[in-house]
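**Q** This is protein.tsv (TSV, C-alpha atoms).
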chain	number	residue	atom	x	y	z
A	1	MET	CA	-16.89	42.76	-11.72
A	2	MET	CA	-13.15	43.38	-11.93
A	3	HIS	CA	-12.59	39.69	-12.66
A	4	ALA	CA	-14.95	39.90	-15.64
A	5	VAL	CA	-13.21	43.04	-16.87
A	6	ASN	CA	-9.81	41.38	-16.59
A	7	GLU	CA	-11.09	38.36	-18.49
A	8	ALA	CA	-12.47	40.62	-21.22
A	9	ILE	CA	-9.17	42.50	-21.47
A	10	GLY	CA	-7.28	39.22	-21.61
A	11	ALA	CA	-9.54	37.89	-24.35
A	12	HIS	CA	-9.11	41.06	-26.39
A	13	SER	CA	-5.33	40.93	-25.87
A	14	HIS	CA	-5.14	37.35	-27.11
A	15	ALA	CA	-7.31	38.25	-30.10
A	16	ALA	CA	-5.10	41.24	-30.90
A	17	ILE	CA	-1.93	39.15	-30.63
A	18	GLY	CA	-3.46	36.50	-32.89
A	19	LEU	CA	-4.45	39.13	-35.45
A	20	LEU	CA	-0.96	40.66	-35.34
A	21	ARG	CA	0.65	37.28	-35.92
A	22	ARG	CA	-1.59	36.65	-38.92
A	23	LEU	CA	-0.82	40.09	-40.33
A	24	LEU	CA	2.91	39.47	-39.92
A	25	SER	CA	2.82	35.99	-41.44
A	26	ALA	CA	4.85	35.43	-44.59
A	27	TRP	CA	1.92	35.09	-46.98
A	28	ALA	CA	0.22	38.14	-45.45
A	29	LEU	CA	3.35	40.22	-45.98
A	30	VAL	CA	3.52	39.15	-49.63
A	31	VAL	CA	0.05	40.66	-50.11
A	32	LEU	CA	0.12	43.56	-47.67
A	33	LEU	CA	3.46	45.09	-48.66
A	34	PRO	CA	2.60	45.61	-52.35
A	35	LEU	CA	-0.88	46.82	-51.36
A	36	THR	CA	0.75	49.37	-49.06
A	37	VAL	CA	2.87	50.57	-51.98
A	38	LEU	CA	-0.27	50.80	-54.11
A	39	LEU	CA	-2.00	52.96	-51.50
A	40	LEU	CA	0.94	55.21	-50.66
A	41	ASP	CA	2.87	55.35	-53.92
A	42	GLY	CA	0.74	54.01	-56.73
A	43	ASP	CA	3.25	54.91	-59.44
A	44	ALA	CA	5.82	52.51	-57.99
A	45	PHE	CA	3.40	49.59	-57.52
A	46	ALA	CA	3.90	48.06	-60.98
A	47	ASP	CA	7.69	48.28	-60.71
A	48	VAL	CA	7.76	46.62	-57.27
A	49	VAL	CA	5.51	43.76	-58.39
A	50	ARG	CA	7.44	43.32	-61.65
A	51	LEU	CA	10.82	43.20	-59.88
A	52	ALA	CA	9.59	40.69	-57.28
A	53	ALA	CA	7.83	38.46	-59.83
A	54	THR	CA	10.77	38.47	-62.25
A	55	SER	CA	13.22	37.49	-59.53
A	56	PHE	CA	10.92	34.75	-58.20
A	57	LEU	CA	10.28	33.24	-61.63
A	58	GLY	CA	14.00	33.29	-62.39
A	59	THR	CA	14.60	31.20	-59.27
A	60	LEU	CA	11.93	28.57	-60.00
A	61	PRO	CA	14.34	26.05	-61.62
A	62	TYR	CA	16.57	26.22	-58.54
A	63	ILE	CA	13.56	25.81	-56.25
A	64	ALA	CA	12.55	22.68	-58.15
A	65	ILE	CA	16.04	21.19	-57.88
A	66	ALA	CA	16.20	22.05	-54.17
A	67	VAL	CA	12.79	20.49	-53.48
A	68	VAL	CA	13.61	17.23	-55.26
A	69	THR	CA	17.06	17.01	-53.62
A	70	ILE	CA	15.83	17.41	-50.06
A	71	ALA	CA	12.88	15.06	-50.65
A	72	VAL	CA	15.19	12.34	-51.97
A	73	LEU	CA	17.60	12.73	-49.05
A	74	LYS	CA	14.79	12.50	-46.51
A	75	ALA	CA	12.97	9.63	-48.23
A	76	ALA	CA	16.22	7.66	-48.55
A	77	ASN	CA	17.01	8.32	-44.85
A	78	ALA	CA	20.41	9.57	-46.02
A	79	ASP	CA	20.82	11.74	-42.93
A	80	ALA	CA	20.92	8.58	-40.81
A	81	THR	CA	24.40	7.77	-42.12
A	82	LEU	CA	25.80	10.89	-40.44
A	83	ALA	CA	26.46	9.02	-37.21
A	84	ALA	CA	29.34	7.21	-38.92
A	85	ALA	CA	31.17	10.54	-39.27
A	86	PHE	CA	31.60	10.72	-35.50
A	87	GLU	CA	33.52	7.49	-35.09
A	88	GLY	CA	37.27	6.92	-35.29
A	89	GLN	CA	40.29	9.22	-35.08
A	90	GLU	CA	39.55	12.80	-34.01
A	91	VAL	CA	41.24	14.61	-36.92
A	92	ARG	CA	39.41	12.43	-39.43
A	93	MET	CA	36.14	13.02	-37.58
A	94	ILE	CA	36.56	16.81	-37.68
A	95	ILE	CA	37.28	16.81	-41.42
A	96	VAL	CA	34.43	14.45	-42.29
A	97	ALA	CA	31.98	16.25	-39.99
A	98	ALA	CA	32.77	19.63	-41.58
A	99	LEU	CA	32.32	18.20	-45.08
A	100	ILE	CA	29.09	16.42	-44.25
A	101	GLY	CA	27.70	19.46	-42.47
A	102	GLY	CA	27.16	21.13	-45.84
A	103	LEU	CA	25.21	18.15	-47.15
A	104	ALA	CA	23.08	17.29	-44.14
A	105	PRO	CA	19.35	17.79	-44.73
A	106	PHE	CA	18.94	19.08	-41.17
A	107	CYS	CA	17.49	22.42	-40.18
A	108	SER	CA	18.88	23.96	-37.01
A	109	CYS	CA	15.95	22.59	-34.98
A	110	GLU	CA	15.99	19.04	-36.35
A	111	VAL	CA	19.68	18.71	-35.48
A	112	ILE	CA	19.06	19.10	-31.71
A	113	PRO	CA	18.24	15.46	-30.82
A	114	PHE	CA	20.93	14.15	-33.16
A	115	ILE	CA	23.65	16.30	-31.61
A	116	ALA	CA	22.42	15.68	-28.07
A	117	GLY	CA	22.55	11.94	-28.66
A	118	LEU	CA	26.09	12.11	-30.04
A	119	LEU	CA	27.27	14.18	-27.07
A	120	ALA	CA	25.57	11.81	-24.66
A	121	MET	CA	27.28	8.78	-26.20
A	122	GLY	CA	30.69	10.46	-25.92
A	123	ALA	CA	31.42	11.79	-29.40
A	124	PRO	CA	34.14	14.49	-29.19
A	125	LEU	CA	32.92	18.07	-29.00
A	126	SER	CA	35.47	19.12	-31.63
A	127	ALA	CA	33.87	17.01	-34.37
A	128	ILE	CA	30.37	17.99	-33.28
A	129	MET	CA	31.32	21.67	-33.34
A	130	ALA	CA	32.69	21.25	-36.88
A	131	PHE	CA	29.36	19.79	-37.97
A	132	TRP	CA	27.33	22.32	-35.98
A	133	LEU	CA	29.08	25.33	-37.48
A	134	SER	CA	28.99	24.14	-41.08
A	135	SER	CA	25.47	22.70	-41.08
A	136	PRO	CA	23.41	25.94	-40.81
A	137	LEU	CA	25.55	27.68	-43.43
A	138	ILE	CA	24.74	25.53	-46.42
A	139	ASP	CA	22.63	22.55	-47.44
A	140	PRO	CA	21.45	21.38	-50.86
A	141	PRO	CA	18.40	23.67	-51.06
A	142	THR	CA	20.34	26.71	-49.81
A	143	LEU	CA	23.11	26.02	-52.33
A	144	PHE	CA	20.71	26.17	-55.27
A	145	ILE	CA	18.77	29.15	-53.91
A	146	THR	CA	22.03	31.07	-53.39
A	147	ALA	CA	23.12	30.19	-56.93
A	148	GLY	CA	19.81	31.39	-58.32
A	149	ALA	CA	19.95	34.73	-56.52
A	150	LEU	CA	23.68	35.52	-56.51
A	151	GLY	CA	25.34	33.18	-59.00
A	152	TRP	CA	27.41	30.04	-58.65
A	153	ASP	CA	30.54	31.89	-57.54
A	154	PHE	CA	28.67	33.05	-54.44
A	155	ALA	CA	27.08	29.63	-53.88
A	156	ILE	CA	30.39	27.79	-54.15
A	157	GLY	CA	32.07	30.46	-52.03
A	158	LYS	CA	29.48	29.98	-49.30
A	159	ALA	CA	29.91	26.19	-49.45
A	160	VAL	CA	33.69	26.59	-49.09
A	161	ALA	CA	33.13	29.05	-46.23
A	162	ALA	CA	30.87	26.51	-44.53
A	163	VAL	CA	33.47	23.76	-44.68
A	164	GLY	CA	36.26	26.17	-43.70
A	165	THR	CA	34.26	27.45	-40.74
A	166	GLY	CA	33.56	23.89	-39.63
A	167	LEU	CA	37.23	22.94	-39.87
A	168	ALA	CA	38.38	26.07	-38.04
A	169	GLY	CA	35.82	25.55	-35.31
A	170	GLY	CA	36.53	21.86	-34.92
A	171	PHE	CA	40.29	22.18	-34.65
A	172	SER	CA	39.98	25.24	-32.36
A	173	VAL	CA	37.75	23.33	-29.97
A	174	ALA	CA	40.11	20.34	-30.11
A	175	LEU	CA	42.99	22.63	-29.08
A	176	LEU	CA	40.96	24.26	-26.30
A	177	THR	CA	39.83	20.86	-25.03
A	178	ARG	CA	43.46	19.76	-24.70
A	179	GLN	CA	44.01	22.86	-22.53
A	180	GLY	CA	41.42	21.58	-20.07
A	181	LEU	CA	38.34	23.47	-21.26
A	182	PHE	CA	34.94	21.89	-21.96
A	183	ALA	CA	35.37	19.05	-19.49
A	184	SER	CA	31.58	18.91	-19.41
A	185	SER	CA	29.83	20.33	-22.45
A	186	LEU	CA	26.31	18.89	-22.33
A	187	ARG	CA	23.65	20.35	-20.04
A	188	SER	CA	22.25	17.83	-17.56
A	189	SER	CA	18.70	18.40	-18.80
A	190	ALA	CA	19.77	17.65	-22.36
A	191	ARG	CA	21.74	14.62	-21.23
A	192	ASN	CA	18.67	13.19	-19.55
A	193	SER	CA	16.23	13.94	-22.36
A	194	SER	CA	18.17	14.05	-25.59
A	195	GLY	CA	15.52	12.03	-27.35
A	196	CYS	CA	18.20	10.32	-29.41
A	197	PRO	CA	20.28	7.87	-27.35
A	198	ALA	CA	23.13	6.08	-29.00
A	199	ASP	CA	21.31	2.80	-29.45
A	200	GLU	CA	18.48	4.53	-31.31
A	201	VAL	CA	20.55	6.33	-33.96
A	202	GLU	CA	19.31	4.80	-37.21
A	203	THR	CA	22.18	4.15	-39.63
A	204	ARG	CA	20.44	2.22	-42.41
A	205	PRO	CA	19.54	4.32	-45.46
A	206	ARG	CA	16.96	3.07	-47.93
A	207	TRP	CA	18.29	4.16	-51.31
A	208	LYS	CA	15.50	2.41	-53.26
A	209	PHE	CA	12.82	4.22	-51.29
A	210	TRP	CA	10.44	4.31	-54.27
A	211	ASN	CA	9.89	0.55	-53.82
A	212	GLU	CA	8.41	1.15	-50.35
A	213	ALA	CA	5.11	2.81	-49.55
A	214	GLU	CA	6.69	4.59	-46.57
A	215	GLY	CA	9.53	5.96	-48.70
A	216	ARG	CA	7.15	7.24	-51.37
A	217	ALA	CA	4.99	8.85	-48.69
A	218	VAL	CA	7.99	10.60	-47.15
A	219	PHE	CA	9.11	11.84	-50.57
A	220	ALA	CA	5.65	13.25	-51.37
A	221	SER	CA	5.31	14.84	-47.94
A	222	GLN	CA	8.76	16.43	-48.05
A	223	ALA	CA	8.32	17.67	-51.63
A	224	THR	CA	5.00	19.29	-50.76
A	225	SER	CA	6.09	20.88	-47.49
A	226	ASN	CA	9.38	22.18	-48.89
A	227	SER	CA	7.72	23.56	-52.02
A	228	LEU	CA	5.34	25.59	-49.87
A	229	PHE	CA	8.13	26.59	-47.48
A	230	LEU	CA	10.47	27.81	-50.22
A	231	ALA	CA	7.70	29.52	-52.18
A	232	LYS	CA	6.57	31.33	-49.04
A	233	TRP	CA	9.93	32.62	-47.87
A	234	LEU	CA	11.30	33.42	-51.31
A	235	SER	CA	8.16	35.39	-52.12
A	236	VAL	CA	8.75	37.46	-48.98
A	237	ALA	CA	12.44	37.83	-49.80
A	238	TYR	CA	11.87	39.04	-53.34
A	239	VAL	CA	9.19	41.50	-52.25
A	240	PHE	CA	11.65	42.97	-49.74
A	241	GLU	CA	14.36	43.01	-52.40
A	242	ALA	CA	12.06	44.93	-54.74
A	243	LEU	CA	11.24	47.43	-51.98
A	244	LEU	CA	14.93	47.77	-51.15
A	245	VAL	CA	15.92	48.47	-54.75
A	246	THR	CA	13.00	50.87	-55.22
A	247	TYR	CA	13.17	52.92	-52.04
A	248	VAL	CA	16.64	52.64	-50.45
A	249	PRO	CA	19.10	55.03	-52.12
A	250	ALA	CA	22.24	53.38	-53.41
A	251	SER	CA	24.26	56.15	-51.79
A	252	PHE	CA	22.95	55.16	-48.35
A	253	VAL	CA	23.85	51.49	-48.80
A	254	ALA	CA	27.26	52.47	-50.13
A	255	SER	CA	27.90	54.67	-47.11
A	256	LEU	CA	26.91	51.86	-44.71
A	257	VAL	CA	28.50	48.76	-46.21
A	258	GLY	CA	30.25	50.01	-49.31
A	259	GLY	CA	33.27	51.78	-47.87
A	260	SER	CA	36.64	50.17	-47.36
A	261	GLU	CA	36.54	46.42	-47.75
A	262	PHE	CA	37.55	45.61	-44.18
A	263	SER	CA	35.22	48.07	-42.47
A	264	SER	CA	32.24	47.11	-44.60
A	265	ILE	CA	32.84	43.40	-43.94
A	266	VAL	CA	33.04	43.98	-40.18
A	267	VAL	CA	29.87	46.11	-40.24
A	268	ALA	CA	28.03	43.50	-42.31
A	269	THR	CA	29.10	40.77	-39.86
A	270	LEU	CA	27.89	42.75	-36.85
A	271	VAL	CA	24.59	43.50	-38.61
A	272	GLY	CA	24.22	39.90	-39.68
A	273	ILE	CA	24.60	38.51	-36.14
A	274	PRO	CA	21.26	39.78	-34.78
A	275	ALA	CA	19.46	39.68	-38.14
A	276	TYR	CA	16.98	36.80	-38.32
A	277	LEU	CA	17.24	35.77	-41.96
A	278	ASN	CA	17.15	32.11	-42.93
A	279	GLY	CA	19.27	30.79	-45.77
A	280	TYR	CA	16.44	31.18	-48.27
A	281	VAL	CA	15.63	34.82	-47.51
A	282	ALA	CA	19.17	36.17	-47.25
A	283	PRO	CA	20.47	35.62	-50.84
A	284	PRO	CA	17.83	37.74	-52.61
A	285	LEU	CA	18.29	40.56	-50.10
A	286	ILE	CA	22.07	40.39	-50.45
A	287	SER	CA	21.62	40.55	-54.22
A	288	GLY	CA	19.65	43.76	-53.82
A	289	LEU	CA	22.23	45.23	-51.44
A	290	ILE	CA	25.09	44.41	-53.83
A	291	ASP	CA	23.16	46.13	-56.61
A	292	GLN	CA	22.94	49.13	-54.31
A	293	GLY	CA	26.65	49.25	-53.52
A	294	MET	CA	27.53	46.56	-50.96
A	295	VAL	CA	30.89	44.91	-51.65
A	296	PRO	CA	30.58	41.13	-52.30
A	297	GLY	CA	32.78	40.23	-49.33
A	298	ALA	CA	30.42	42.06	-47.00
A	299	GLY	CA	27.52	40.09	-48.47
A	300	MET	CA	29.34	36.83	-47.79
A	301	ALA	CA	30.18	37.90	-44.22
A	302	PHE	CA	26.56	38.89	-43.62
A	303	MET	CA	25.24	35.51	-44.78
A	304	VAL	CA	27.76	33.51	-42.75
A	305	ALA	CA	27.18	35.51	-39.57
A	306	GLY	CA	23.42	35.48	-39.98
A	307	ALA	CA	23.21	31.73	-40.55
A	308	ILE	CA	25.31	30.85	-37.52
A	309	SER	CA	23.64	33.34	-35.19
A	310	CYS	CA	20.03	33.10	-36.38
A	311	VAL	CA	17.48	32.47	-33.65
A	312	PRO	CA	16.84	28.74	-34.33
A	313	ALA	CA	20.56	27.95	-34.53
A	314	MET	CA	21.33	29.76	-31.27
A	315	ILE	CA	18.38	28.14	-29.47
A	316	ALA	CA	19.58	24.76	-30.70
A	317	VAL	CA	23.05	25.35	-29.23
A	318	TRP	CA	21.88	26.97	-25.99
A	319	SER	CA	19.31	24.25	-25.30
A	320	ILE	CA	21.79	21.41	-24.93
A	321	VAL	CA	25.27	22.79	-24.17
A	322	ARG	CA	26.80	24.77	-21.34
A	323	PRO	CA	27.36	28.57	-21.62
A	324	ALA	CA	31.10	28.21	-22.33
A	325	VAL	CA	30.39	26.07	-25.38
A	326	PHE	CA	27.66	28.47	-26.49
A	327	ALA	CA	30.02	31.46	-26.23
A	328	THR	CA	32.69	29.56	-28.15
A	329	TYR	CA	30.17	28.76	-30.90
A	330	LEU	CA	29.23	32.44	-31.32
A	331	GLY	CA	32.83	33.66	-31.10
A	332	LEU	CA	34.01	31.21	-33.74
A	333	GLY	CA	31.08	32.17	-35.94
A	334	LEU	CA	31.94	35.88	-35.67
A	335	VAL	CA	35.63	35.41	-36.50
A	336	CYS	CA	34.96	32.98	-39.35
A	337	ALA	CA	32.32	35.28	-40.86
A	338	ILE	CA	34.84	38.13	-41.06
A	339	LEU	CA	37.54	35.86	-42.47
A	340	SER	CA	35.12	34.39	-45.02
A	341	GLY	CA	34.19	37.89	-46.19
A	342	LEU	CA	37.80	39.00	-46.49
A	343	VAL	CA	38.89	35.89	-48.43
A	344	PHE	CA	35.88	36.03	-50.74
A	345	GLN	CA	36.46	39.73	-51.42
A	346	MET	CA	40.09	39.07	-52.35
A	347	LEU	CA	39.09	36.26	-54.70
A	348	VAL	CA	36.35	38.17	-56.50
Could you show the structure in this file as structure tokens?
**A**
Amino acid sequence: MMHAVNEAIGAHSHAAIGLLRRLLSAWALVVLLPLTVLLLDGDAFADVVRLAATSFLGTLPYIAIAVVTIAVLKAANADATLAAAFEGQEVRMIIVAALIGGLAPFCSCEVIPFIAGLLAMGAPLSAIMAFWLSSPLIDPPTLFITAGALGWDFAIGKAVAAVGTGLAGGFSVALLTRQGLFASSLRSSARNSSGCPADEVETRPRWKFWNEAEGRAVFASQATSNSLFLAKWLSVAYVFEALLVTYVPASFVASLVGGSEFSSIVVATLVGIPAYLNGYVAPPLISGLIDQGMVPGAGMAFMVAGAISCVPAMIAVWSIVRPAVFATYLGLGLVCAILSGLVFQMLV
């Protein structure tokens, strides 16, 4: 009898968890949040929907450019050429890895086997850290989405911050390595199952992919999946931005992250570290916060800290490197986020 009761409770628990996940899905939030406003504050419903729709439609050209860019890079197998950045003299490798990190069409999960394979084949941790720090900060789609939401000064500033963070991280790790740290950086489990050994790293791009059925299929698949992905997350982002502008008093935002430049940048960095916002959601929300009183430098610090410390990025690092490397990754991300915010604030 008790066994049957436990099974029934377990079944109901699984059903409840499944329902909760569906209710918290991105598309569900896009529908449920405005409906909640309609039920609780009907007078504000039209304004919230108008603000969200206007922002989304204004970003459509950037979404289209981002979708085509990432589809071309994937179809042409352009990311396969990245392995060449991790060969040669260490200083050159760090510089090239930091620059390429902003162009790589990798998400923080896709980069795991690539990085594990490079570590396993003996590529220096300094160059890999440069790539690893710069890669989650900016990529072609994020660049255009940031430009659409915050303007090209913010987009270019974030790209420069990405490269600067990669360079700072790479050269810092190179210095620490010479002091005897990081003698062994790769976890044994990752070393044994990287899924990307050196002899399997594909380095032949296919620039004329449209002449091959496989290339055309990859382009179509990537264009479709990224269109849905960007539409989904940007819809959520702009709904939250509309709610933020409508219901959060500007005075409150100003008191939290609109005080002195240094204090607001530090606070924004500390808030950005645990905040799980991908590079597509953050720019619209930062735009709303700046409208409410956040200083631009704090917005930059928030985006840099959030990108480096978001859940997928941290899981990617933790899954294949030892704790000392993981702590170094987070520490460098924190310091570089604050510095990026301060420099950007001075420039703007």
**Q** Would you give the centre and edge lengths, in Å to one decimal, of a box along x, y and z around the listed atoms of range 324-329 of chain A, with 6 Å added to each side, as AutoDock Vina command-line options?
**A**
--center_x 30.2 --center_y 28.8 --center_z -26.6 --size_x 17.0 --size_y 17.4 --size_z 20.6
**Q** Which distance in Å separates CA of Ile290 in chain A and CA of Ala168 in chain A, to one decimal?
**A** 27.6 Å
**Q** Extract, using only C-alpha atoms, all DNA, RNA and protein residues at most 12 Å from range 342-344 of chain A, discarding same-chain residues fewer than 4 positions from it, and format them as a VMD selection string.
**A** chain A and resid 153 to 161 164 260 to 266 268 to 269 295 to 302 304 335 to 338 348
**Q** Between A:Gly101, A:Pro284, A:Gly170, A:Pro136, single out the one closest to Ser55 in chain A, counting all atoms listed in the file.
**A**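 The answer is A:Pro284, which sits nearest to Ser55 in chain A.
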**Q** Report, in Å with one decimal, the straight-line distance from CA of Ala162 in chain A to CA of Leu137 in chain A.
**A** 5.6 Å
**Q** How many Å lie between CA of Thr69 in chain A and CA of Leu99 in chain A, rounded to one decimal?
**A** 17.5 Å
**Q** Hey, can you pull every residue with an atom no more than 12 Å from (8.3, 24.3, -46.5), using all atoms listed in the file, and send it as an MDAnalysis selection string?
**A** chainID A and resid 26 63 66:67 70:71 107 141 221:234 280
**Q** Write out as a PyMOL selection string each polymer residue whose atoms come within 8 Å of Pro283 in chain A, counting all atoms listed in the file; drop sequence neighbours fewer than 5 positions from it.
**A** chain A and resi 145-146+149-150+303
**Q** Would you pick out the contacts of range 239-250 of chain A at 7 Å or less, using all atoms listed in the file, so that residues sharing its chain but fewer than 5 positions from it are not included, and give the list as a list of chain:residue names?
**A** A:Val30, A:Val48, A:Leu51, A:Ala52, A:Pro284, A:Leu285, A:Gly288, A:Gln292, A:Gly293
**Q** Dump C-alpha atoms for the selected residues as a compact mmCIF listing (two decimals), in the frame of the given file?
**A**
# COMPACT_ATOMS: atom_id res chain seq x y z
CA VAL A 30 3.52 39.15 -49.63
CA VAL A 48 7.76 46.62 -57.27
CA LEU A 51 10.82 43.20 -59.88
CA ALA A 52 9.59 40.69 -57.28
CA PRO A 284 17.83 37.74 -52.61
CA LEU A 285 18.29 40.56 -50.10
CA GLY A 288 19.65 43.76 -53.82
CA GLN A 292 22.94 49.13 -54.31
CA GLY A 293 26.65 49.25 -53.52
**Q** Which residues come within 10 Å of Val91 in chain A, counting all atoms listed in the file, excluding same-chain residues fewer than 4 positions away, as a ChimeraX atom specification?
**A** /A:95-97,126-127,167,170-171,174
**Q** Which of these, A:Phe56, A:Leu289, A:Gly42, A:Ala76, has the shortest distance to Trp207 in chain A once you count all atoms listed in the file?
**A**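 For Trp207 in chain A, the nearest of the given residues is A:Ala76.
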**Q** Please, which residues are within 12 Å of (31.4, 20.7, -30.9) by the file's coordinates, counting only C-alpha atoms, and could they come as a PDB file with C-alpha atoms, in the coordinates of the input?
**A**
ATOM      1  CA  PHE A  86      31.600  10.720 -35.500  1.00  0.00           C
ATOM      2  CA  GLU A  90      39.550  12.800 -34.010  1.00  0.00           C
ATOM      3  CA  MET A  93      36.140  13.020 -37.580  1.00  0.00           C
ATOM      4  CA  ILE A  94      36.560  16.810 -37.680  1.00  0.00           C
ATOM      5  CA  ALA A  97      31.980  16.250 -39.990  1.00  0.00           C
ATOM      6  CA  ALA A  98      32.770  19.630 -41.580  1.00  0.00           C
ATOM      7  CA  ILE A 115      23.650  16.300 -31.610  1.00  0.00           C
ATOM      8  CA  ALA A 116      22.420  15.680 -28.070  1.00  0.00           C
ATOM      9  CA  LEU A 118      26.090  12.110 -30.040  1.00  0.00           C
ATOM     10  CA  LEU A 119      27.270  14.180 -27.070  1.00  0.00           C
ATOM     11  CA  GLY A 122      30.690  10.460 -25.920  1.00  0.00           C
ATOM     12  CA  ALA A 123      31.420  11.790 -29.400  1.00  0.00           C
ATOM     13  CA  PRO A 124      34.140  14.490 -29.190  1.00  0.00           C
ATOM     14  CA  LEU A 125      32.920  18.070 -29.000  1.00  0.00           C
ATOM     15  CA  SER A 126      35.470  19.120 -31.630  1.00  0.00           C
ATOM     16  CA  ALA A 127      33.870  17.010 -34.370  1.00  0.00           C
ATOM     17  CA  ILE A 128      30.370  17.990 -33.280  1.00  0.00           C
ATOM     18  CA  MET A 129      31.320  21.670 -33.340  1.00  0.00           C
ATOM     19  CA  ALA A 130      32.690  21.250 -36.880  1.00  0.00           C
ATOM     20  CA  PHE A 131      29.360  19.790 -37.970  1.00  0.00           C
ATOM     21  CA  TRP A 132      27.330  22.320 -35.980  1.00  0.00           C
ATOM     22  CA  LEU A 133      29.080  25.330 -37.480  1.00  0.00           C
ATOM     23  CA  SER A 134      28.990  24.140 -41.080  1.00  0.00           C
ATOM     24  CA  SER A 135      25.470  22.700 -41.080  1.00  0.00           C
ATOM     25  CA  GLY A 166      33.560  23.890 -39.630  1.00  0.00           C
ATOM     26  CA  LEU A 167      37.230  22.940 -39.870  1.00  0.00           C
ATOM     27  CA  ALA A 168      38.380  26.070 -38.040  1.00  0.00           C
ATOM     28  CA  GLY A 169      35.820  25.550 -35.310  1.00  0.00           C
ATOM     29  CA  GLY A 170      36.530  21.860 -34.920  1.00  0.00           C
ATOM     30  CA  PHE A 171      40.290  22.180 -34.650  1.00  0.00           C
ATOM     31  CA  SER A 172      39.980  25.240 -32.360  1.00  0.00           C
ATOM     32  CA  VAL A 173      37.750  23.330 -29.970  1.00  0.00           C
ATOM     33  CA  ALA A 174      40.110  20.340 -30.110  1.00  0.00           C
ATOM     34  CA  LEU A 175      42.990  22.630 -29.080  1.00  0.00           C
ATOM     35  CA  LEU A 176      40.960  24.260 -26.300  1.00  0.00           C
ATOM     36  CA  THR A 177      39.830  20.860 -25.030  1.00  0.00           C
ATOM     37  CA  PHE A 182      34.940  21.890 -21.960  1.00  0.00           C
ATOM     38  CA  SER A 184      31.580  18.910 -19.410  1.00  0.00           C
ATOM     39  CA  SER A 185      29.830  20.330 -22.450  1.00  0.00           C
ATOM     40  CA  LEU A 186      26.310  18.890 -22.330  1.00  0.00           C
ATOM     41  CA  VAL A 317      23.050  25.350 -29.230  1.00  0.00           C
ATOM     42  CA  ILE A 320      21.790  21.410 -24.930  1.00  0.00           C
ATOM     43  CA  VAL A 321      25.270  22.790 -24.170  1.00  0.00           C
ATOM     44  CA  ARG A 322      26.800  24.770 -21.340  1.00  0.00           C
ATOM     45  CA  ALA A 324      31.100  28.210 -22.330  1.00  0.00           C
ATOM     46  CA  VAL A 325      30.390  26.070 -25.380  1.00  0.00           C
ATOM     47  CA  PHE A 326      27.660  28.470 -26.490  1.00  0.00           C
ATOM     48  CA  ALA A 327      30.020  31.460 -26.230  1.00  0.00           C
ATOM     49  CA  THR A 328      32.690  29.560 -28.150  1.00  0.00           C
ATOM     50  CA  TYR A 329      30.170  28.760 -30.900  1.00  0.00           C
ATOM     51  CA  LEU A 330      29.230  32.440 -31.320  1.00  0.00           C
ATOM     52  CA  LEU A 332      34.010  31.210 -33.740  1.00  0.00           C
TER      53      LEU A 332
END
